[in-house]
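Trainee: Contents of my_file-v9.tsv (TSV, C-alpha atoms):
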chain	number	residue	atom	x	y	z
Q	1	MET	CA	7.82	1.27	-31.98
Q	2	GLU	CA	7.80	4.84	-33.32
Q	3	ALA	CA	4.17	4.48	-34.35
Q	4	MET	CA	3.31	3.17	-30.90
Q	5	ALA	CA	5.08	6.05	-29.21
Q	6	ALA	CA	3.19	8.51	-31.40
Q	7	ALA	CA	-0.11	6.86	-30.51
Q	8	LYS	CA	0.52	6.97	-26.79
Q	9	PRO	CA	-2.08	9.17	-25.07
Q	10	VAL	CA	-1.19	12.16	-22.95
Q	11	ILE	CA	-1.95	11.77	-19.26
Q	12	LYS	CA	-2.96	14.78	-17.19
Q	13	VAL	CA	-1.25	15.12	-13.82
Q	14	ALA	CA	-2.56	17.47	-11.13
Q	15	ALA	CA	0.36	18.81	-9.06
Q	16	LEU	CA	-0.25	19.92	-5.46
Q	17	CYS	CA	2.30	21.55	-3.15
Q	18	GLY	CA	1.98	21.28	0.62
Q	19	SER	CA	3.90	24.50	1.31
Q	20	LEU	CA	2.55	28.01	0.72
Q	21	ARG	CA	5.94	29.70	1.03
Q	22	GLU	CA	6.93	31.73	-2.03
Q	23	GLY	CA	10.39	30.16	-2.27
Q	24	SER	CA	9.26	26.66	-1.31
Q	25	TYR	CA	11.71	23.91	-2.24
Q	26	ASN	CA	8.83	21.51	-2.80
Q	27	ARG	CA	7.32	23.90	-5.30
Q	28	GLY	CA	10.75	23.96	-6.93
Q	29	LEU	CA	10.46	20.19	-7.42
Q	30	LEU	CA	7.14	20.68	-9.20
Q	31	ARG	CA	8.60	23.40	-11.42
Q	32	TYR	CA	11.39	21.05	-12.45
Q	33	ALA	CA	8.84	18.29	-13.11
Q	34	MET	CA	6.96	20.62	-15.43
Q	35	GLU	CA	10.21	21.42	-17.25
Q	36	LEU	CA	10.90	17.70	-17.72
Q	37	THR	CA	7.50	17.09	-19.30
Q	38	LYS	CA	8.14	19.88	-21.79
Q	39	GLU	CA	11.72	19.00	-22.71
Q	40	GLU	CA	12.49	15.30	-22.04
Q	41	ILE	CA	9.37	13.27	-21.24
Q	42	ASP	CA	6.55	12.91	-23.78
Q	43	GLY	CA	3.00	12.01	-22.88
Q	44	ILE	CA	2.64	13.92	-19.58
Q	45	GLN	CA	0.87	17.21	-19.04
Q	46	ILE	CA	1.22	18.71	-15.53
Q	47	ASP	CA	-1.37	21.12	-14.17
Q	48	TYR	CA	-0.08	22.95	-11.09
Q	49	ILE	CA	-2.97	23.80	-8.76
Q	50	ASP	CA	-2.53	26.56	-6.19
Q	51	ILE	CA	-4.25	25.55	-2.96
Q	52	SER	CA	-3.72	28.82	-1.08
Q	53	PRO	CA	-7.15	30.32	-2.04
Q	54	LEU	CA	-9.03	27.38	-0.51
Q	55	PRO	CA	-10.90	28.24	2.70
Q	56	MET	CA	-10.55	26.05	5.76
Q	57	LEU	CA	-12.89	23.09	5.56
Q	58	ASN	CA	-16.29	24.05	6.94
Q	59	THR	CA	-19.39	22.16	5.93
Q	60	ASP	CA	-21.47	25.26	6.66
Q	61	LEU	CA	-20.04	26.62	3.41
Q	62	GLU	CA	-21.86	23.88	1.51
Q	63	VAL	CA	-25.23	25.35	0.51
Q	64	ASP	CA	-27.86	23.14	-1.12
Q	65	GLY	CA	-25.22	20.52	-1.84
Q	66	LYS	CA	-22.98	23.01	-3.66
Q	67	TYR	CA	-19.48	24.04	-2.72
Q	68	PRO	CA	-18.00	27.55	-2.79
Q	69	PRO	CA	-16.90	28.54	-6.33
Q	70	VAL	CA	-13.17	28.37	-5.51
Q	71	VAL	CA	-13.61	24.92	-4.01
Q	72	GLU	CA	-15.71	23.67	-6.92
Q	73	ALA	CA	-13.11	24.92	-9.42
Q	74	PHE	CA	-10.40	23.10	-7.48
Q	75	ARG	CA	-12.41	19.89	-7.39
Q	76	GLN	CA	-13.09	20.00	-11.13
Q	77	ARG	CA	-9.37	20.30	-11.93
Q	78	ILE	CA	-8.68	17.26	-9.75
Q	79	LEU	CA	-11.55	15.36	-11.35
Q	80	VAL	CA	-10.30	15.73	-14.93
Q	81	ALA	CA	-6.76	14.69	-13.99
Q	82	ASP	CA	-5.57	11.14	-14.61
Q	83	SER	CA	-3.11	11.12	-11.69
Q	84	ILE	CA	-1.86	13.26	-8.80
Q	85	LEU	CA	1.66	14.44	-7.96
Q	86	PHE	CA	2.14	15.61	-4.36
Q	87	ALA	CA	5.15	17.61	-3.18
Q	88	SER	CA	5.15	18.33	0.52
Q	89	PRO	CA	7.46	19.12	3.42
Q	90	GLU	CA	7.10	17.50	6.83
Q	91	TYR	CA	5.45	19.43	9.65
Q	92	ASN	CA	5.77	17.97	13.16
Q	93	TYR	CA	6.46	14.45	11.84
Q	94	SER	CA	3.31	14.57	9.70
Q	95	VAL	CA	1.41	16.20	6.84
Q	96	THR	CA	1.05	19.93	6.31
Q	97	GLY	CA	-2.11	21.82	7.19
Q	98	PRO	CA	-2.74	23.45	3.79
Q	99	LEU	CA	-2.41	20.23	1.81
Q	100	LYS	CA	-4.50	18.25	4.30
Q	101	ASN	CA	-7.21	20.91	3.98
Q	102	ALA	CA	-7.12	20.60	0.18
Q	103	ILE	CA	-7.32	16.81	0.41
Q	104	ASP	CA	-10.32	17.09	2.71
Q	105	TRP	CA	-12.16	19.38	0.29
Q	106	ALA	CA	-11.46	17.07	-2.65
Q	107	SER	CA	-12.61	14.03	-0.70
Q	108	ARG	CA	-16.04	15.48	0.02
Q	109	SER	CA	-18.79	13.59	-1.76
Q	110	PRO	CA	-18.27	12.65	-4.49
Q	111	ASN	CA	-14.59	11.89	-3.83
Q	112	VAL	CA	-12.71	13.25	-6.86
Q	113	PHE	CA	-9.49	11.46	-5.86
Q	114	ALA	CA	-10.98	7.99	-6.23
Q	115	ASN	CA	-9.16	5.43	-8.37
Q	116	LYS	CA	-6.38	7.70	-9.56
Q	117	ALA	CA	-2.66	6.96	-9.61
Q	118	ALA	CA	-0.48	9.13	-7.40
Q	119	ALA	CA	3.12	9.85	-6.51
Q	120	ILE	CA	4.66	11.86	-3.70
Q	121	VAL	CA	7.99	13.65	-3.40
Q	122	SER	CA	9.24	15.64	-0.44
Q	123	VAL	CA	11.97	18.06	0.57
Q	124	ALA	CA	12.67	18.62	4.26
Q	125	GLY	CA	15.42	18.28	6.84
Q	126	SER	CA	16.65	15.14	8.54
Q	127	LEU	CA	14.86	12.23	6.81
Q	128	GLY	CA	13.70	14.34	3.89
Q	129	GLY	CA	10.01	14.16	4.76
Q	130	ALA	CA	9.77	10.36	4.98
Q	131	ARG	CA	7.41	10.36	7.95
Q	132	ALA	CA	5.01	12.75	6.22
Q	133	GLN	CA	5.04	10.61	3.08
Q	134	TYR	CA	3.92	7.54	4.99
Q	135	HIS	CA	1.05	9.53	6.50
Q	136	TYR	CA	-0.03	10.68	3.04
Q	137	ARG	CA	0.01	7.08	1.90
Q	138	GLN	CA	-2.23	6.13	4.82
Q	139	ILE	CA	-4.67	8.87	3.83
Q	140	GLY	CA	-4.60	7.59	0.26
Q	141	VAL	CA	-5.86	4.18	1.37
Q	142	TYR	CA	-9.23	5.63	2.39
Q	143	LEU	CA	-9.38	7.93	-0.64
Q	144	ASP	CA	-8.76	5.04	-3.08
Q	145	LEU	CA	-5.60	6.80	-4.28
Q	146	HIS	CA	-3.09	4.33	-5.67
Q	147	PHE	CA	0.46	5.51	-4.88
Q	148	ILE	CA	3.44	4.13	-6.77
Q	149	ASN	CA	5.66	2.17	-4.41
Q	150	LYS	CA	8.98	2.82	-6.11
Q	151	PRO	CA	11.00	4.84	-6.67
Q	152	GLU	CA	10.70	6.82	-3.44
Q	153	PHE	CA	11.92	10.40	-3.36
Q	154	PHE	CA	13.15	11.94	-0.08
Q	155	LEU	CA	15.49	14.92	-0.21
Q	156	ASN	CA	17.33	16.64	2.64
Q	157	ALA	CA	17.60	20.23	1.46
Q	158	TYR	CA	20.26	21.17	4.00
Q	159	GLU	CA	22.94	18.66	3.09
Q	160	SER	CA	25.90	19.59	0.92
Q	161	PRO	CA	26.27	20.01	-1.95
Q	162	ALA	CA	23.46	22.54	-2.37
Q	163	LYS	CA	20.27	21.09	-3.79
Q	164	PHE	CA	18.53	24.38	-4.69
Q	165	ASP	CA	19.59	27.84	-5.79
Q	166	SER	CA	18.55	31.09	-4.10
Q	167	ASP	CA	15.26	31.12	-6.05
Q	168	GLY	CA	14.26	27.64	-4.92
Q	169	ASN	CA	15.04	25.90	-8.22
Q	170	LEU	CA	16.41	22.36	-8.21
Q	171	ILE	CA	20.07	22.28	-9.28
Q	172	ASP	CA	21.34	18.93	-7.92
Q	173	PRO	CA	22.03	16.53	-10.86
Q	174	ALA	CA	21.40	13.36	-8.84
Q	175	SER	CA	18.07	14.66	-7.59
Q	176	LYS	CA	17.07	15.61	-11.12
Q	177	LYS	CA	17.63	12.04	-12.29
Q	178	ARG	CA	15.58	10.67	-9.40
Q	179	MET	CA	12.76	13.10	-10.17
Q	180	LYS	CA	12.68	11.90	-13.76
Q	181	LYS	CA	12.37	8.29	-12.60
Q	182	VAL	CA	9.39	9.22	-10.41
Q	183	LEU	CA	7.58	10.81	-13.36
Q	184	LEU	CA	8.25	7.84	-15.62
Q	185	ALA	CA	6.95	5.44	-12.99
Q	186	LEU	CA	3.83	7.55	-12.46
Q	187	GLN	CA	3.21	7.65	-16.19
Q	188	ALA	CA	3.53	3.88	-16.57
Q	189	PHE	CA	1.34	3.15	-13.55
Q	190	THR	CA	-1.36	5.59	-14.68
Q	191	LEU	CA	-1.61	3.94	-18.09
Q	192	GLN	CA	-1.67	0.53	-16.44
Q	193	LEU	CA	-4.58	1.51	-14.21
Q	194	ARG	CA	-6.45	2.78	-17.24
Q	195	GLY	CA	-6.09	-0.58	-18.95
Q	196	CYS	CA	-3.74	0.71	-21.63
Q	197	ASN	CA	-0.57	-1.11	-22.73
Q	198	PHE	CA	2.19	1.45	-22.46
Q	199	ASN	CA	5.38	1.75	-24.47
Q	200	LEU	CA	8.23	0.20	-22.51
Q	201	SER	CA	10.73	2.57	-24.11
Q	202	THR	CA	9.44	5.28	-21.77
Q	203	THR	CA	10.02	3.18	-18.66
Q	204	SER	CA	13.35	1.58	-19.45
Q	205	GLU	CA	15.25	4.20	-17.48
Q	206	PHE	CA	13.94	3.35	-14.05
Q	207	PRO	CA	14.52	0.02	-12.25
Q	208	ARG	CA	11.76	-2.52	-11.86
Q	209	HIS	CA	12.81	-4.50	-8.81
Q	210	ILE	CA	9.62	-6.56	-8.65
Q	211	GLY	CA	7.91	-8.24	-11.60
Q	212	ARG	CA	10.57	-7.46	-14.19
Q	213	LEU	CA	9.02	-7.50	-17.64
Q	214	PRO	CA	10.39	-9.98	-20.20
Q	215	GLU	CA	11.82	-8.91	-23.53
Q	216	GLU	CA	8.84	-10.29	-25.45
Q	217	ALA	CA	6.61	-7.82	-23.60
Q	218	HIS	CA	7.68	-5.18	-26.12
Q	219	VAL	CA	4.95	-6.51	-28.41
Q	220	LEU	CA	2.13	-4.33	-27.14
Q	221	THR	CA	-1.21	-3.05	-28.30
Q	222	PRO	CA	-0.86	0.66	-29.14
Q	223	CYS	CA	-3.14	3.19	-27.43
Q	224	THR	CA	-5.01	5.99	-29.05
Q	225	GLU	CA	-6.07	9.25	-27.49
Q	226	GLY	CA	-9.60	8.02	-26.88
Q	227	SER	CA	-8.68	4.55	-25.69
Q	228	LEU	CA	-8.03	5.44	-22.07
Q	229	ALA	CA	-10.53	3.52	-20.02
Q	230	PRO	CA	-12.33	5.27	-17.15
Q	231	PRO	CA	-11.06	4.60	-13.64
Q	232	PHE	CA	-11.94	1.07	-12.58
Q	233	PRO	CA	-14.82	0.99	-10.08
Q	234	ALA	CA	-14.28	-0.30	-6.57
Q	235	SER	CA	-15.75	-3.74	-6.06
Q	236	THR	CA	-19.18	-3.71	-4.42
Q	237	ARG	CA	-18.18	-6.78	-2.43
Q	238	TYR	CA	-15.64	-4.81	-0.43
Q	239	LYS	CA	-16.50	-3.53	3.05
Q	240	LEU	CA	-19.25	-6.14	3.52
Q	241	GLY	CA	-17.57	-7.99	6.36
Q	242	ARG	CA	-16.18	-10.78	4.19
Q	243	THR	CA	-12.77	-12.31	4.69
Q	244	SER	CA	-9.92	-10.96	2.61
Q	245	GLU	CA	-9.44	-14.28	0.83
Q	246	THR	CA	-12.98	-14.18	-0.53
Q	247	TYR	CA	-12.88	-10.85	-2.28
Q	248	ASP	CA	-9.23	-11.17	-3.26
Q	249	TRP	CA	-10.21	-14.17	-5.36
Q	250	TYR	CA	-13.27	-12.30	-6.63
Q	251	ASP	CA	-11.25	-9.30	-7.81
Q	252	MET	CA	-8.62	-11.46	-9.52
Q	253	GLU	CA	-11.32	-13.37	-11.38
Q	254	THR	CA	-13.27	-10.29	-12.36
Q	255	CYS	CA	-10.38	-8.02	-13.39
Q	256	ASN	CA	-8.29	-10.61	-15.23
Q	257	ASN	CA	-11.09	-12.76	-16.66
Q	258	GLU	CA	-9.30	-15.90	-15.50
Q	259	ARG	CA	-12.08	-17.58	-13.60
Q	260	SER	CA	-11.44	-21.06	-14.96
Q	261	VAL	CA	-7.70	-20.89	-14.29
Q	262	LEU	CA	-8.22	-19.62	-10.76
Q	263	SER	CA	-10.88	-22.22	-10.04
Q	264	GLN	CA	-8.47	-24.96	-11.07
Q	265	PHE	CA	-5.77	-23.39	-8.91
Q	266	GLN	CA	-8.14	-23.33	-5.95
Q	267	ASP	CA	-9.08	-26.97	-6.46
Q	268	GLU	CA	-5.43	-28.05	-6.51
Q	269	HIS	CA	-4.02	-25.94	-3.69
Q	270	PHE	CA	-6.90	-25.39	-1.28
Q	271	ARG	CA	-8.75	-28.72	-1.33
Q	272	LEU	CA	-7.18	-30.01	1.91
Q	273	LYS	CA	-7.68	-26.73	3.72
Q	274	ASN	CA	-11.35	-26.48	2.79
Q	275	LYS	CA	-12.26	-30.12	3.49
Q	276	ARG	CA	-10.09	-31.29	6.37
Q	277	TYR	CA	-7.88	-28.66	7.94
Q	278	THR	CA	-10.41	-25.92	8.51
Q	279	PRO	CA	-9.64	-23.16	11.03
Q	280	ASN	CA	-12.12	-24.67	13.53
Q	281	VAL	CA	-10.42	-28.07	13.41
Q	282	ARG	CA	-6.99	-26.52	13.85
Q	283	GLU	CA	-8.21	-24.53	16.82
Q	284	ARG	CA	-9.67	-27.62	18.48
Q	285	MET	CA	-6.45	-29.59	17.89
Q	286	TYR	CA	-4.43	-26.80	19.47
Q	287	LYS	CA	-6.67	-26.70	22.55
Q	288	PHE	CA	-6.61	-30.50	22.87
Q	289	GLY	CA	-2.80	-30.57	22.75
Q	290	LEU	CA	-2.60	-27.83	25.37
Q	291	VAL	CA	-4.93	-29.64	27.77
Q	292	ALA	CA	-3.17	-32.98	27.20
Q	293	SER	CA	0.22	-31.50	28.03
Q	294	TRP	CA	-1.08	-30.06	31.31
Q	295	VAL	CA	-2.69	-33.39	32.26
Q	296	PHE	CA	0.55	-35.26	31.58
Q	297	PHE	CA	2.48	-32.72	33.66
Q	298	LEU	CA	0.11	-33.18	36.62
Q	299	ILE	CA	0.29	-36.99	36.39
Q	300	VAL	CA	4.11	-36.89	36.54
Q	301	ILE	CA	4.04	-34.68	39.64
Q	302	MET	CA	1.45	-36.86	41.41
Q	303	LEU	CA	3.30	-40.10	40.59
Q	304	ASN	CA	6.60	-38.71	41.86
Q	305	TYR	CA	4.93	-37.63	45.10
Q	306	ARG	CA	3.27	-41.07	45.54
Q	307	VAL	CA	6.53	-43.00	45.00
Q	308	ASN	CA	8.30	-40.88	47.62
Q	309	SER	CA	5.49	-41.62	50.08
Q	310	ILE	CA	5.74	-45.42	49.45
Q	311	GLU	CA	9.52	-45.33	50.06
Q	312	ASP	CA	8.93	-43.69	53.44
Q	313	ALA	CA	6.29	-46.27	54.34
Q	314	CYS	CA	8.61	-49.18	53.45
Q	315	CYS	CA	11.45	-47.91	55.63
Q	316	LYS	CA	13.38	-46.55	52.69
Q	317	ARG	CA	13.43	-49.90	50.96
Q	318	ASN	CA	13.55	-49.92	47.22
Q	319	VAL	CA	10.01	-50.32	45.88
Q	320	PHE	CA	11.42	-52.12	42.85
Q	321	GLY	CA	13.28	-54.69	44.97
Q	322	ARG	CA	12.26	-57.79	46.91
Q	323	SER	CA	9.65	-56.15	49.15
Q	324	LEU	CA	6.79	-54.38	47.42
Q	325	ASP	CA	6.05	-54.19	43.76
Q	326	LEU	CA	5.49	-50.65	42.48
Q	327	TRP	CA	2.04	-51.47	41.18
Q	328	VAL	CA	0.98	-53.15	44.43
Q	329	ALA	CA	2.34	-50.28	46.48
Q	330	TYR	CA	0.61	-47.69	44.30
Q	331	SER	CA	-2.72	-49.55	44.34
Show the structure stored in the file as structure tokens.
Mentor:
Amino acid sequence: MEAMAAAKPVIKVAALCGSLREGSYNRGLLRYAMELTKEEIDGIQIDYIDISPLPMLNTDLEVDGKYPPVVEAFRQRILVADSILFASPEYNYSVTGPLKNAIDWASRSPNVFANKAAAIVSVAGSLGGARAQYHYRQIGVYLDLHFINKPEFFLNAYESPAKFDSDGNLIDPASKKRMKKVLLALQAFTLQLRGCNFNLSTTSEFPRHIGRLPEEAHVLTPCTEGSLAPPFPASTRYKLGRTSETYDWYDMETCNNERSVLSQFQDEHFRLKNKRYTPNVRERMYKFGLVASWVFFLIVIMLNYRVNSIEDACCKRNVFGRSLDLWVAYS
């Protein structure tokens, strides 16, 4: 295990802060994250990128397909990173202007955010920036940014006890532990996306609520510095108007090399759906049942009205008695 830990590659994390304020609490979170990577967590190198010099997005600044020097330098630092760490407050229930501007510059062709792991932390009032985080996650869908789902980090800076000192540095012990869990999860997910088996000893401190790894998973293939695979390319079969089931199966077969197993699974579990209970057949059966119920309802109403009319014609005599048979009366 010690040899595996020594062979674990170092991932580069680009850190972006959504607030430009000098004493920003969110920047304080990033400073503490950088301290953690130097003192307690091995295998992570954080590069803090100042977004304040970036001009407002204006495509007129792009000359002959080239970006302004400050923008190009920013894009290159994002490009060489393995993952992204966002720290942002919440402005008007949404994202901040400076960070959205930086995201827009980085997403210009070619998109330097594509296929990278990402995590987001936030400090704000009330809900701690939760609404802004969900908007950042929506933006990440289009950018092909893969956010970790858990743990989530929301922090209300105005609750007691105090979370930050007068210089904006994080001092709350509970928040420090949560921040460490976020970094460990981001590290594990980044290595997983790169196709590298990571050392579970680095991730044992944060909970894995879904897909808990078994004990035998400790037998892993060690990684070397040059063994990090490039970001996996997006499937060319996406965005071609095909149903989700089609390219979900395609991706599982391609990425996991389990075509035969999946084909057998399809044959066993989807044979009836493909051959007999197709969506068109189900739709026709639904329409037929709806029409049949209305017809039956109308017949009941008409028959009840007809029987009442026959009773009046027979001087209120019972149509089931000695006088007229119901069928004769109806006919």
Trainee: So that I can see what lies close to stretch 65-75 of chain Q, please list as an mmCIF file with C-alpha atoms, in the coordinates of the input the residues with an atom at most 9 Å from it, counting all atoms listed in the file and leaving out residues fewer than 4 positions away in the same chain.
Mentor:
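Writing the result to part_33.cif gives the following:
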data_model
loop_
_atom_site.group_PDB
_atom_site.id
_atom_site.type_symbol
_atom_site.label_atom_id
_atom_site.label_comp_id
_atom_site.auth_asym_id
_atom_site.auth_seq_id
_atom_site.Cartn_x
_atom_site.Cartn_y
_atom_site.Cartn_z
ATOM 1 C CA ILE Q 49 -2.970 23.800 -8.760
ATOM 2 C CA ASP Q 50 -2.530 26.560 -6.190
ATOM 3 C CA ILE Q 51 -4.250 25.550 -2.960
ATOM 4 C CA PRO Q 53 -7.150 30.320 -2.040
ATOM 5 C CA LEU Q 54 -9.030 27.380 -0.510
ATOM 6 C CA PRO Q 55 -10.900 28.240 2.700
ATOM 7 C CA THR Q 59 -19.390 22.160 5.930
ATOM 8 C CA LEU Q 61 -20.040 26.620 3.410
ATOM 9 C CA LEU Q 79 -11.550 15.360 -11.350
ATOM 10 C CA VAL Q 80 -10.300 15.730 -14.930
ATOM 11 C CA ALA Q 102 -7.120 20.600 0.180
ATOM 12 C CA TRP Q 105 -12.160 19.380 0.290
ATOM 13 C CA ALA Q 106 -11.460 17.070 -2.650
ATOM 14 C CA SER Q 107 -12.610 14.030 -0.700
ATOM 15 C CA VAL Q 112 -12.710 13.250 -6.860
#
Trainee: By how many Å are atom CA of Q:Lys181 and atom CA of Q:Ala87 apart?
Mentor: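 Atom CA of Q:Ala87 lies 15.1 Å from atom CA of Q:Lys181.
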Trainee: Rank Q:Ala162, Q:Ala118, Q:Leu36, Q:Ile44 by their smallest atom-to-atom distance to Q:Phe147, using only C-alpha atoms, and report the top residue only.
Mentor: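 Of all the options, Q:Ala118 lies closest to Q:Phe147.
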Trainee: Please report the interatomic distance between atom CA of Q:Glu40 and atom CA of Q:Arg178 in Å with one decimal.
Mentor: 13.8 Å
Trainee: Would you kindly identify which residues have an atom no farther than 10 Å from (24.0, 20.9, -3.1), using only C-alpha atoms and the file's own coordinates, and write them out as a list of chain:residue names?
Mentor: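 Using only C-alpha atoms, the matching residues come out as Q:Asn156, Q:Ala157, Q:Tyr158, Q:Glu159, Q:Ser160, Q:Pro161, Q:Ala162, Q:Lys163, Q:Phe164, Q:Asp165, Q:Leu170, Q:Ile171, Q:Asp172, Q:Pro173, Q:Ala174, Q:Ser175.
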Trainee: Excluding same-chain residues fewer than 3 positions from Q:Tyr93, what lies within 8 Å of it counting all atoms listed in the file, as a ChimeraX atom specification?
Mentor: /Q:90,129,131-132
Trainee: Set the distance at 9 Å and use all atoms listed in the file: which residues neighbour Q:Ala130 once local chain neighbours fewer than 2 positions away are removed? I'd like the list as a ChimeraX atom specification.
Mentor: /Q:90,93,122,124,127-128,132-135,153-155
Trainee: Rounded to one decimal in Å, what is the spacing between atom CA of Q:Val95 and atom CA of Q:Val121?
Mentor: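 Going from atom CA of Q:Val95 over to atom CA of Q:Val121, I get 12.4 Å.
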Trainee: Find, counting all atoms listed in the file, the residue in Q:Ala292, Q:Leu29, Q:Met179, Q:Leu57 that gets nearest to Q:Val123.
Mentor: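 Checking each of Q:Ala292, Q:Leu29, Q:Met179, Q:Leu57 against Q:Val123, counting all atoms listed in the file, the winner is Q:Leu29.
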Trainee: Could you name the residues that touch Q:Asn149 at 12 Å or less, counting only C-alpha atoms, but leaving out those on the same chain fewer than 6 positions away, as a PyMOL selection string?
Mentor: chain Q and resi 117-121+133-134+137+182+185-186+189+208-210
Trainee: Which neighbours of Q:Leu20 fall inside 7 Å, counting all atoms listed in the file, when residues of the same chain fewer than 2 positions from it are skipped, and could you give them as a count of residues only?
Mentor: 3
Trainee: Identify which of the residues Q:Leu143, Q:Val63, Q:Val300, Q:Leu30 lies closest to Q:Tyr48, counting all atoms listed in the file when measuring atom-to-atom distances.
Mentor: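 Ranking Q:Leu143, Q:Val63, Q:Val300, Q:Leu30 by distance to Q:Tyr48, first place goes to Q:Leu30.
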